[in-house]
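Note: the block below is final.cif and it holds mmCIF, C-alpha atoms.
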data_my_file
loop_
_atom_site.group_PDB
_atom_site.id
_atom_site.type_symbol
_atom_site.label_atom_id
_atom_site.label_comp_id
_atom_site.auth_asym_id
_atom_site.auth_seq_id
_atom_site.Cartn_x
_atom_site.Cartn_y
_atom_site.Cartn_z
ATOM 1 C CA MET U 4 128.006 119.229 89.693
ATOM 2 C CA THR U 5 127.425 115.847 91.334
ATOM 3 C CA ALA U 6 127.657 117.229 94.894
ATOM 4 C CA GLY U 7 125.162 120.003 94.110
ATOM 5 C CA PHE U 8 122.902 117.555 92.310
ATOM 6 C CA LEU U 9 123.098 115.167 95.284
ATOM 7 C CA ILE U 10 122.193 117.872 97.850
ATOM 8 C CA ALA U 11 119.404 119.263 95.644
ATOM 9 C CA SER U 12 117.909 115.801 95.036
ATOM 10 C CA ALA U 13 117.955 114.893 98.739
ATOM 11 C CA PHE U 14 116.530 118.338 99.625
ATOM 12 C CA LEU U 15 113.634 118.190 97.140
ATOM 13 C CA ALA U 16 112.736 114.539 97.786
ATOM 14 C CA SER U 17 112.829 115.084 101.563
ATOM 15 C CA ALA U 18 110.841 118.339 101.341
ATOM 16 C CA VAL U 19 107.991 116.515 99.574
ATOM 17 C CA GLU U 20 107.886 113.829 102.276
ATOM 18 C CA PHE U 21 108.156 116.352 105.143
ATOM 19 C CA VAL U 22 105.248 118.394 103.712
ATOM 20 C CA GLU U 23 103.111 115.214 103.716
ATOM 21 C CA ALA U 24 104.219 114.324 107.270
ATOM 22 C CA LEU U 25 103.443 117.887 108.432
ATOM 23 C CA THR U 26 99.858 117.587 107.152
ATOM 24 C CA ILE U 27 99.305 114.421 109.208
ATOM 25 C CA VAL U 28 100.977 115.819 112.361
ATOM 26 C CA LEU U 29 98.922 119.031 112.097
ATOM 27 C CA ALA U 30 95.706 117.002 111.807
ATOM 28 C CA ALA U 31 96.692 114.910 114.855
ATOM 29 C CA GLY U 32 97.751 117.969 116.881
ATOM 30 C CA VAL U 33 94.747 120.162 116.094
ATOM 31 C CA THR U 34 92.123 117.481 116.819
ATOM 32 C CA ARG U 35 93.717 115.205 119.461
ATOM 33 C CA GLY U 36 96.084 117.556 121.320
ATOM 34 C CA TRP U 37 99.642 118.612 120.646
ATOM 35 C CA ARG U 38 101.265 116.614 123.452
ATOM 36 C CA SER U 39 100.285 113.209 122.032
ATOM 37 C CA ALA U 40 101.100 114.294 118.471
ATOM 38 C CA LEU U 41 104.539 115.628 119.391
ATOM 39 C CA VAL U 42 105.396 112.517 121.451
ATOM 40 C CA GLY U 43 104.424 110.497 118.348
ATOM 41 C CA VAL U 44 106.745 112.655 116.216
ATOM 42 C CA GLY U 45 109.577 112.176 118.732
ATOM 43 C CA ALA U 46 109.100 108.382 118.915
ATOM 44 C CA ALA U 47 109.044 108.045 115.112
ATOM 45 C CA THR U 48 112.140 110.251 114.774
ATOM 46 C CA ALA U 49 113.983 108.070 117.313
ATOM 47 C CA ALA U 50 112.964 104.879 115.456
ATOM 48 C CA LEU U 51 114.201 106.382 112.153
ATOM 49 C CA ALA U 52 117.483 107.470 113.747
ATOM 50 C CA VAL U 53 118.089 103.895 114.973
ATOM 51 C CA MET U 54 117.375 102.489 111.468
ATOM 52 C CA VAL U 55 119.694 104.966 109.723
ATOM 53 C CA ALA U 56 122.424 104.493 112.361
ATOM 54 C CA ALA U 57 122.270 100.710 111.840
ATOM 55 C CA LEU U 58 121.994 100.745 108.055
ATOM 56 C CA GLY U 59 124.387 103.585 107.144
ATOM 57 C CA PRO U 60 127.648 102.128 108.543
ATOM 58 C CA ALA U 61 126.676 98.611 107.333
ATOM 59 C CA LEU U 62 126.447 99.891 103.746
ATOM 60 C CA THR U 63 129.982 101.301 103.876
ATOM 61 C CA LEU U 64 131.261 97.695 104.163
ATOM 62 C CA VAL U 65 129.711 96.723 100.786
ATOM 63 C CA PRO U 66 132.024 97.128 97.732
ATOM 64 C CA ILE U 67 131.120 100.314 95.804
ATOM 65 C CA SER U 68 130.299 98.564 92.482
ATOM 66 C CA ALA U 69 127.884 96.111 94.174
ATOM 67 C CA LEU U 70 126.417 98.973 96.190
ATOM 68 C CA ARG U 71 125.851 101.103 93.081
ATOM 69 C CA LEU U 72 124.218 98.166 91.300
ATOM 70 C CA VAL U 73 121.745 97.512 94.141
ATOM 71 C CA VAL U 74 121.180 101.186 94.938
ATOM 72 C CA GLY U 75 120.822 102.035 91.233
ATOM 73 C CA ALA U 76 118.255 99.273 90.735
ATOM 74 C CA LEU U 77 116.305 100.346 93.845
ATOM 75 C CA LEU U 78 116.383 104.031 92.885
ATOM 76 C CA LEU U 79 115.316 103.214 89.356
ATOM 77 C CA ALA U 80 112.360 101.108 90.538
ATOM 78 C CA PHE U 81 111.466 103.752 93.133
ATOM 79 C CA GLY U 82 112.081 106.717 90.785
ATOM 80 C CA LEU U 83 110.006 105.242 87.978
ATOM 81 C CA GLN U 84 107.055 104.905 90.383
ATOM 82 C CA TRP U 85 107.300 108.627 91.207
ATOM 83 C CA LEU U 86 107.849 109.627 87.591
ATOM 84 C CA ARG U 87 104.999 107.480 86.311
ATOM 85 C CA LYS U 88 102.535 108.944 88.842
ATOM 86 C CA ALA U 89 103.789 112.495 88.183
ATOM 87 C CA ILE U 90 103.383 112.057 84.401
ATOM 88 C CA LEU U 91 99.886 110.610 84.857
ATOM 89 C CA ARG U 92 98.938 113.533 87.158
ATOM 90 C CA ALA U 93 100.409 116.154 84.811
ATOM 91 C CA SER U 94 98.528 114.675 81.865
ATOM 92 C CA GLY U 95 95.177 114.358 83.648
ATOM 93 C CA TYR U 96 95.034 110.582 84.121
ATOM 94 C CA LYS U 97 95.365 110.782 87.919
ATOM 95 C CA PRO U 98 93.914 113.360 90.332
ATOM 96 C CA ILE U 99 96.334 116.086 91.452
ATOM 97 C CA HIS U 100 97.693 115.566 94.997
ATOM 98 C CA ASP U 101 95.771 118.018 97.207
ATOM 99 C CA GLU U 102 97.295 118.624 100.660
ATOM 100 C CA ALA U 103 94.262 120.675 101.858
ATOM 101 C CA ALA U 104 91.857 117.839 100.955
ATOM 102 C CA ILE U 105 94.078 115.269 102.693
ATOM 103 C CA PHE U 106 94.202 117.511 105.789
ATOM 104 C CA ALA U 107 90.379 117.794 105.812
ATOM 105 C CA ARG U 108 90.084 113.996 105.500
ATOM 106 C CA GLU U 109 92.565 113.356 108.338
ATOM 107 C CA ILE U 110 90.777 115.949 110.539
ATOM 108 C CA ALA U 111 87.409 114.283 109.915
ATOM 109 C CA GLY U 112 88.845 110.849 110.734
ATOM 110 C CA ALA U 113 90.576 112.092 113.892
ATOM 111 C CA ARG U 114 87.439 113.887 115.161
ATOM 112 C CA THR U 115 85.276 110.798 114.902
ATOM 113 C CA ALA U 116 87.836 108.395 116.421
ATOM 114 C CA GLN U 117 87.122 107.253 119.968
ATOM 115 C CA ALA U 118 89.165 108.691 122.833
ATOM 116 C CA GLU U 119 91.504 106.107 124.366
ATOM 117 C CA GLN U 120 94.175 106.996 126.902
ATOM 118 C CA ARG U 121 97.369 104.932 127.085
ATOM 119 C CA VAL U 122 100.477 105.881 129.086
ATOM 120 C CA GLY U 123 98.930 109.292 129.587
ATOM 121 C CA LEU U 124 98.574 109.964 125.857
ATOM 122 C CA ASP U 125 95.677 110.186 123.465
ATOM 123 C CA TRP U 126 96.454 106.945 121.623
ATOM 124 C CA TYR U 127 94.844 107.907 118.296
ATOM 125 C CA GLY U 128 96.754 111.204 118.141
ATOM 126 C CA PHE U 129 100.004 109.470 119.076
ATOM 127 C CA THR U 130 99.682 106.645 116.527
ATOM 128 C CA LEU U 131 98.490 108.980 113.741
ATOM 129 C CA ALA U 132 101.530 111.251 114.171
ATOM 130 C CA PHE U 133 103.889 108.289 114.754
ATOM 131 C CA LYS U 134 102.785 106.389 111.645
ATOM 132 C CA GLY U 135 102.754 109.529 109.469
ATOM 133 C CA VAL U 136 106.274 110.582 110.444
ATOM 134 C CA LEU U 137 107.649 107.011 110.368
ATOM 135 C CA LEU U 138 106.288 106.167 106.902
ATOM 136 C CA GLU U 139 107.170 109.496 105.273
ATOM 137 C CA GLY U 140 110.482 109.567 107.154
ATOM 138 C CA LEU U 141 111.321 106.060 105.958
ATOM 139 C CA GLU U 142 111.262 107.337 102.384
ATOM 140 C CA VAL U 143 113.581 110.200 103.400
ATOM 141 C CA ALA U 144 115.914 107.738 105.183
ATOM 142 C CA PHE U 145 115.897 105.467 102.113
ATOM 143 C CA ILE U 146 116.805 108.369 99.826
ATOM 144 C CA VAL U 147 119.524 109.744 102.137
ATOM 145 C CA VAL U 148 121.138 106.346 102.714
ATOM 146 C CA THR U 149 120.989 105.199 99.059
ATOM 147 C CA PHE U 150 122.016 108.536 97.492
ATOM 148 C CA GLY U 151 124.717 109.143 100.071
ATOM 149 C CA SER U 152 126.224 105.656 100.131
ATOM 150 C CA ALA U 153 126.370 105.247 96.329
ATOM 151 C CA GLN U 154 128.209 108.560 96.055
ATOM 152 C CA GLY U 155 130.246 107.954 99.228
ATOM 153 C CA ARG U 156 128.802 111.187 100.698
ATOM 154 C CA ILE U 157 126.016 110.401 103.174
ATOM 155 C CA ASP U 158 126.879 113.742 104.830
ATOM 156 C CA LEU U 159 125.823 115.723 101.738
ATOM 157 C CA ALA U 160 122.566 113.796 101.337
ATOM 158 C CA ALA U 161 121.843 114.269 105.068
ATOM 159 C CA LEU U 162 122.614 117.998 104.664
ATOM 160 C CA GLY U 163 120.002 118.280 101.898
ATOM 161 C CA ALA U 164 117.397 116.363 103.939
ATOM 162 C CA GLY U 165 118.204 118.358 107.102
ATOM 163 C CA GLY U 166 117.779 121.628 105.212
ATOM 164 C CA ALA U 167 114.380 120.485 103.957
ATOM 165 C CA LEU U 168 113.314 119.478 107.489
ATOM 166 C CA VAL U 169 114.313 122.846 108.978
ATOM 167 C CA LEU U 170 112.544 124.760 106.187
ATOM 168 C CA VAL U 171 109.297 122.740 106.388
ATOM 169 C CA VAL U 172 109.200 122.911 110.231
ATOM 170 C CA ILE U 173 109.793 126.703 110.232
ATOM 171 C CA VAL U 174 107.162 127.341 107.563
ATOM 172 C CA GLY U 175 104.768 124.876 109.265
ATOM 173 C CA VAL U 176 105.122 126.634 112.658
ATOM 174 C CA LEU U 177 104.608 130.041 111.027
ATOM 175 C CA VAL U 178 101.657 129.033 108.841
ATOM 176 C CA ARG U 179 100.066 126.439 111.198
ATOM 177 C CA ALA U 180 98.193 124.963 108.248
ATOM 178 C CA PRO U 181 98.933 122.340 105.619
ATOM 179 C CA LEU U 182 101.354 123.698 103.043
ATOM 180 C CA ALA U 183 98.799 123.607 100.250
ATOM 181 C CA ARG U 184 100.628 126.291 98.259
ATOM 182 C CA VAL U 185 103.752 124.170 97.886
ATOM 183 C CA PRO U 186 103.813 123.069 94.233
ATOM 184 C CA GLU U 187 103.913 119.457 95.390
ATOM 185 C CA ASN U 188 103.125 117.880 92.040
ATOM 186 C CA THR U 189 105.887 119.845 90.308
ATOM 187 C CA LEU U 190 108.261 118.854 93.124
ATOM 188 C CA LYS U 191 107.281 115.192 92.760
ATOM 189 C CA PHE U 192 107.853 115.378 89.020
ATOM 190 C CA THR U 193 111.310 116.870 89.633
ATOM 191 C CA VAL U 194 112.168 114.258 92.256
ATOM 192 C CA GLY U 195 110.984 111.442 89.977
ATOM 193 C CA VAL U 196 113.281 112.785 87.244
ATOM 194 C CA MET U 197 116.236 113.005 89.662
ATOM 195 C CA LEU U 198 115.716 109.541 91.196
ATOM 196 C CA THR U 199 115.402 107.977 87.738
ATOM 197 C CA THR U 200 118.514 109.817 86.515
ATOM 198 C CA PHE U 201 120.641 108.657 89.466
ATOM 199 C CA GLY U 202 119.150 105.158 89.156
ATOM 200 C CA ILE U 203 120.119 104.872 85.454
ATOM 201 C CA PHE U 204 123.580 106.295 86.114
ATOM 202 C CA TRP U 205 124.522 104.100 89.081
ATOM 203 C CA ALA U 206 122.851 100.896 87.894
ATOM 204 C CA THR U 207 124.749 101.144 84.582
ATOM 205 C CA GLU U 208 128.059 101.679 86.402
ATOM 206 C CA GLY U 209 127.249 98.950 88.926
ATOM 207 C CA ALA U 210 126.505 96.531 86.057
ATOM 208 C CA GLY U 211 130.074 97.055 84.839
ATOM 209 C CA ALA U 212 129.419 99.459 81.928
ATOM 210 C CA HIS U 213 131.251 102.791 81.671
ATOM 211 C CA TRP U 214 129.747 106.162 80.807
ATOM 212 C CA PRO U 215 131.537 108.159 78.118
ATOM 213 C CA GLY U 216 133.103 111.073 80.047
ATOM 214 C CA ASP U 217 132.326 109.421 83.438
ATOM 215 C CA ASP U 218 130.517 111.892 85.783
ATOM 216 C CA ALA U 219 130.245 114.439 82.940
ATOM 217 C CA SER U 220 127.541 112.267 81.359
ATOM 218 C CA LEU U 221 125.205 112.719 84.377
ATOM 219 C CA PRO U 222 123.719 116.008 83.016
ATOM 220 C CA VAL U 223 123.173 114.265 79.669
ATOM 221 C CA VAL U 224 121.253 111.449 81.390
ATOM 222 C CA LEU U 225 119.261 114.127 83.258
ATOM 223 C CA ALA U 226 118.421 115.887 79.979
ATOM 224 C CA PHE U 227 117.366 112.553 78.474
ATOM 225 C CA VAL U 228 115.011 111.759 81.400
ATOM 226 C CA ILE U 229 113.518 115.294 81.294
ATOM 227 C CA ALA U 230 112.940 115.002 77.527
ATOM 228 C CA LEU U 231 111.415 111.537 77.952
ATOM 229 C CA SER U 232 109.072 112.730 80.715
ATOM 230 C CA THR U 233 107.900 115.916 79.008
ATOM 231 C CA ALA U 234 107.347 114.028 75.738
ATOM 232 C CA SER U 235 105.282 111.434 77.680
ATOM 233 C CA VAL U 236 103.141 114.190 79.252
ATOM 234 C CA ALA U 237 102.618 115.849 75.852
ATOM 235 C CA THR U 238 101.650 112.540 74.217
ATOM 236 C CA LEU U 239 99.203 111.603 76.993
ATOM 237 C CA ARG U 240 97.675 115.112 77.018
ATOM 238 C CA ARG U 241 96.987 114.863 73.311
ATOM 239 C CA ARG U 242 95.232 111.566 73.988
ATOM 240 C CA ARG U 243 93.148 113.067 76.782
ATOM 241 C CA PRO U 244 93.174 116.889 76.772
ATOM 242 C CA THR U 245 90.915 117.479 79.820
ATOM 243 C CA MET U 246 92.809 117.862 83.098
ATOM 244 C CA VAL U 247 91.558 116.151 86.247
ATOM 245 C CA ALA U 248 91.694 118.511 89.238
ATOM 246 C CA ALA U 249 90.736 117.290 92.737
ATOM 247 C CA MET X 14 102.196 85.645 110.495
ATOM 248 C CA SER X 15 99.902 88.489 109.439
ATOM 249 C CA ARG X 16 102.531 90.979 110.691
ATOM 250 C CA VAL X 17 105.201 89.297 108.582
ATOM 251 C CA ARG X 18 102.848 89.445 105.583
ATOM 252 C CA ALA X 19 102.047 93.108 106.273
ATOM 253 C CA PHE X 20 105.787 93.863 106.553
ATOM 254 C CA GLY X 21 106.443 92.130 103.225
ATOM 255 C CA ARG X 22 103.497 93.901 101.601
ATOM 256 C CA PHE X 23 104.787 97.267 102.829
ATOM 257 C CA TRP X 24 108.249 96.735 101.296
ATOM 258 C CA TRP X 25 106.766 95.361 98.069
ATOM 259 C CA SER X 26 104.572 98.427 97.676
ATOM 260 C CA PHE X 27 107.456 100.718 98.766
ATOM 261 C CA VAL X 28 109.990 99.442 96.190
ATOM 262 C CA VAL X 29 107.956 97.741 93.442
ATOM 263 C CA GLY X 30 104.766 99.830 93.624
ATOM 264 C CA ASP X 31 101.664 99.146 91.587
ATOM 265 C CA ASP X 32 103.365 98.060 88.357
ATOM 266 C CA TRP X 33 105.451 94.953 88.966
ATOM 267 C CA ARG X 34 106.062 94.586 85.222
ATOM 268 C CA ALA X 35 108.014 97.855 85.196
ATOM 269 C CA ALA X 36 110.164 96.695 88.141
ATOM 270 C CA LEU X 37 110.778 93.341 86.435
ATOM 271 C CA GLY X 38 111.652 95.117 83.176
ATOM 272 C CA ILE X 39 114.265 97.190 85.015
ATOM 273 C CA VAL X 40 115.831 94.107 86.635
ATOM 274 C CA VAL X 41 116.009 92.319 83.246
ATOM 275 C CA ALA X 42 117.485 95.449 81.592
ATOM 276 C CA ILE X 43 120.191 95.723 84.268
ATOM 277 C CA GLY X 44 120.987 92.024 83.737
ATOM 278 C CA ILE X 45 121.363 92.557 79.965
ATOM 279 C CA THR X 46 123.563 95.625 80.602
ATOM 280 C CA ALA X 47 125.804 93.499 82.854
ATOM 281 C CA ALA X 48 125.965 90.736 80.215
ATOM 282 C CA LEU X 49 126.921 93.241 77.474
ATOM 283 C CA ALA X 50 129.548 94.839 79.730
ATOM 284 C CA ALA X 51 131.000 91.389 80.547
ATOM 285 C CA GLU X 52 131.430 90.804 76.794
ATOM 286 C CA LYS X 53 133.360 94.128 76.604
ATOM 287 C CA VAL X 54 130.595 95.663 74.466
ATOM 288 C CA ALA X 55 129.789 99.369 75.027
ATOM 289 C CA ALA X 56 126.653 98.972 77.157
ATOM 290 C CA TRP X 57 126.007 102.462 78.611
ATOM 291 C CA TRP X 58 123.225 103.180 76.112
ATOM 292 C CA PHE X 59 121.158 100.095 76.927
ATOM 293 C CA LEU X 60 119.620 101.029 80.306
ATOM 294 C CA PRO X 61 118.381 104.531 79.261
ATOM 295 C CA THR X 62 116.787 102.946 76.179
ATOM 296 C CA ALA X 63 115.202 100.196 78.277
ATOM 297 C CA VAL X 64 113.868 102.777 80.771
ATOM 298 C CA ALA X 65 112.218 104.668 77.892
ATOM 299 C CA VAL X 66 110.552 101.459 76.678
ATOM 300 C CA VAL X 67 109.485 100.319 80.181
ATOM 301 C CA LEU X 68 108.072 103.750 81.071
ATOM 302 C CA ALA X 69 106.212 104.090 77.759
ATOM 303 C CA HIS X 70 104.714 100.599 78.166
ATOM 304 C CA SER X 71 103.681 101.252 81.772
ATOM 305 C CA LEU X 72 102.081 104.604 80.873
ATOM 306 C CA TYR X 73 100.317 103.091 77.869
ATOM 307 C CA ARG X 74 98.814 100.329 80.035
ATOM 308 C CA GLU X 75 97.641 102.828 82.672
ATOM 309 C CA ALA X 76 96.185 105.215 80.058
ATOM 310 C CA ARG X 77 94.393 102.352 78.304
ATOM 311 C CA ASN X 78 92.929 101.049 81.578
ATOM 312 C CA SER X 79 91.724 104.466 82.772
ATOM 313 C CA GLY X 80 90.703 105.810 79.387
#
Is it possible to express this structure as structure tokens?
Amino acid sequence: MTAGFLIASAFLASAVEFVEALTIVLAAGVTRGWRSALVGVGAATAALAVMVAALGPALTLVPISALRLVVGALLLAFGLQWLRKAILRASGYKPIHDEAAIFAREIAGARTAQAEQRVGLDWYGFTLAFKGVLLEGLEVAFIVVTFGSAQGRIDLAALGAGGALVLVVIVGVLVRAPLARVPENTLKFTVGVMLTTFGIFWATEGAGAHWPGDDASLPVVLAFVIALSTASVATLRRRRPTMVAA
Amino acid sequence: MSRVRAFGRFWWSFVVGDDWRAALGIVVAIGITAALAAEKVAAWWFLPTAVAVVLAHSLYREARNSG
């Protein structure tokens, strides 16, 4: 159960970030040329690889209880941000994330930016793709390293993230448009639930408390977080029944 | 100096986000869980309960401000 949950969480969380990165890279490539955009993607990927290579082995030296405490606290803080935004979007208090609108905005910005050549590259296209992949990729790296290290299985978390990357790249190359049909808000809701669940589970263990039934209580925590989230959406919708869509 | 500040701001927004009270509530709740566990009291129930309270409070504040 835990291994499958770990791979699924890393896959879903990474897929959401890769879809957002794809939108930015597409905007950079279409307007400023593919060479600069792809060099930006390569440079950001290399920078992320260096960070993960440095951080991953260092975390294996930390005792598992201390690691779970820190990782649990970080995941809980991080997961609650996702969950809170997802609940507010689902209940109409925040606009729904719209990949097509973001793409149009990035395209407009890239078209009006001045042309500047540096080291043979269109500098705007390079930095747009670099920043997009680095920032979205940093979230993926954070999730892979924290999930994997707390469970002692970075390989499984990396497998989930790698699967998401392959899928998003293949679909992106085939579609050559922002993946607006991906149910991103539902995915974000799911990821928020999973991050919060893992955060509660590991932070409690890291703090020295013990779950009744050990790992068997993880699905119960998951059910609790799902119930809490859906009840929050229902309560907020009753307060404000009109949905915001944009 | 501005780069250091920007770096700090990035990590603050990355981990803490736009509701620092929720992040603080989580840290306090984990501390209480650790204190209960150190006293050999069954403490597994405390963090899920605290998360429910922190989330409800954060959502209430946001709904009140935007409504």
Contact table chain X vs chain U, cut-off 6 Å, shortest pair per residue, all atoms listed in the file, as a Markdown table:
| residue | atom | partner | partner_atom | distance |
| --- | --- | --- | --- | --- |
| X:Val28 | CA | U:Phe81 | CA | 5.5 |
| X:Ala36 | CA | U:Ala80 | CA | 5.5 |
| X:Ala47 | CA | U:Ala210 | CA | 4.5 |
| X:Ala50 | CA | U:Ala212 | CA | 5.1 |
| X:Ala56 | CA | U:Ala212 | CA | 5.5 |
| X:Trp57 | CA | U:Ala212 | CA | 5.6 |
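We find CA of Glu109 in chain U and CA of Val169 in chain U to be spaced 23.7 Å apart.
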(request) To one decimal in Å, tell me the separation between CA of Phe20 in chain X and CA of Phe21 in chain U. (result) 22.7 Å
(message) Quick check, in Å to one decimal: how far apart do CA of Ile39 in chain X and CA of Leu198 in chain U lie?
(response)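 CA of Leu198 in chain U lies at a distance of 13.9 Å from CA of Ile39 in chain X.
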Kindly provide, as lines of an AutoDock Vina configuration file, the centre and edge lengths (Å, one decimal) of an axis-aligned box around all atoms of range 47-59 of chain X given in the file, with 4 Å on each side.
center_x = 127.3
center_y = 97.0
center_z = 78.7
size_x = 20.2
size_y = 20.4
size_z = 16.4
(request) For the point (103.5, 117.8, 108.9) in the file's frame, write as a PyMOL selection string all residues with an atom no more than 9 Å away, counting only C-alpha atoms. (result) chain U and resi 20-30+132+135-136+171-172+175+180-182
(request) Pick out the residues sitting within 9 Å of range 33-45 of chain U, and hand them over as a PyMOL selection string; count only C-alpha atoms, and ignore anything fewer than 5 positions along from it in its own chain. (result) chain U and resi 28+50+110-111+113-114+118+123-137
(message) Just checking: using all atoms listed in the file, which residue out of X:Ala48, X:Lys53, X:Phe27, X:Pro61 ends up closest to Phe201 in chain U?
(response) X:Pro61
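With the shown file loaded, the PyMOL selection byres ((chain X and resi 67-77) around 7) picks out Arg87 and Tyr96 of chain U; Ala35, Gly38, Ala63, Val64, Ala65, Val66, Asn78, Ser79 and Gly80 of chain X.
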(message) Ranking U:Gly32, U:Gly155, U:Gly163, U:Gly112 by minimum distance to Thr63 in chain U and counting all atoms listed in the file, which one comes first?
(response) U:Gly155
How about completing range 48-63 of chain X with N, CA and C atoms and giving it to me as a compact mmCIF listing (two decimals), keeping the file's coordinate frame?
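Result file selection-v1.txt:
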# COMPACT_ATOMS: atom_id res chain seq x y z
N ALA X 48 125.50 91.76 81.17
CA ALA X 48 125.96 90.74 80.22
C ALA X 48 126.74 91.38 79.07
N LEU X 49 126.22 92.53 78.55
CA LEU X 49 126.92 93.24 77.47
C LEU X 49 128.29 93.75 77.95
N ALA X 50 128.29 94.30 79.18
CA ALA X 50 129.55 94.84 79.73
C ALA X 50 130.57 93.72 79.92
N ALA X 51 130.10 92.53 80.33
CA ALA X 51 131.00 91.39 80.55
C ALA X 51 131.63 90.93 79.24
N GLU X 52 130.91 91.17 78.13
CA GLU X 52 131.43 90.80 76.79
C GLU X 52 132.27 91.93 76.19
N LYS X 53 132.54 92.96 77.03
CA LYS X 53 133.36 94.13 76.60
C LYS X 53 132.69 94.93 75.48
N VAL X 54 131.35 94.86 75.44
CA VAL X 54 130.60 95.66 74.47
C VAL X 54 130.20 96.97 75.16
N ALA X 55 130.25 98.10 74.44
CA ALA X 55 129.79 99.37 75.03
C ALA X 55 128.31 99.23 75.40
N ALA X 56 128.01 99.30 76.71
CA ALA X 56 126.65 98.97 77.16
C ALA X 56 125.94 100.15 77.81
N TRP X 57 126.58 101.33 77.87
CA TRP X 57 126.01 102.46 78.61
C TRP X 57 124.66 102.91 78.04
N TRP X 58 124.44 102.69 76.77
CA TRP X 58 123.22 103.18 76.11
C TRP X 58 122.00 102.30 76.40
N PHE X 59 122.27 101.05 76.87
CA PHE X 59 121.16 100.10 76.93
C PHE X 59 120.11 100.45 78.00
N LEU X 60 120.58 100.79 79.22
CA LEU X 60 119.62 101.03 80.31
C LEU X 60 118.72 102.25 80.05
N PRO X 61 119.29 103.41 79.58
CA PRO X 61 118.38 104.53 79.26
C PRO X 61 117.33 104.15 78.22
N THR X 62 117.74 103.36 77.22
CA THR X 62 116.79 102.95 76.18
C THR X 62 115.71 102.05 76.79
N ALA X 63 116.15 101.12 77.64
CA ALA X 63 115.20 100.20 78.28
C ALA X 63 114.23 100.95 79.17
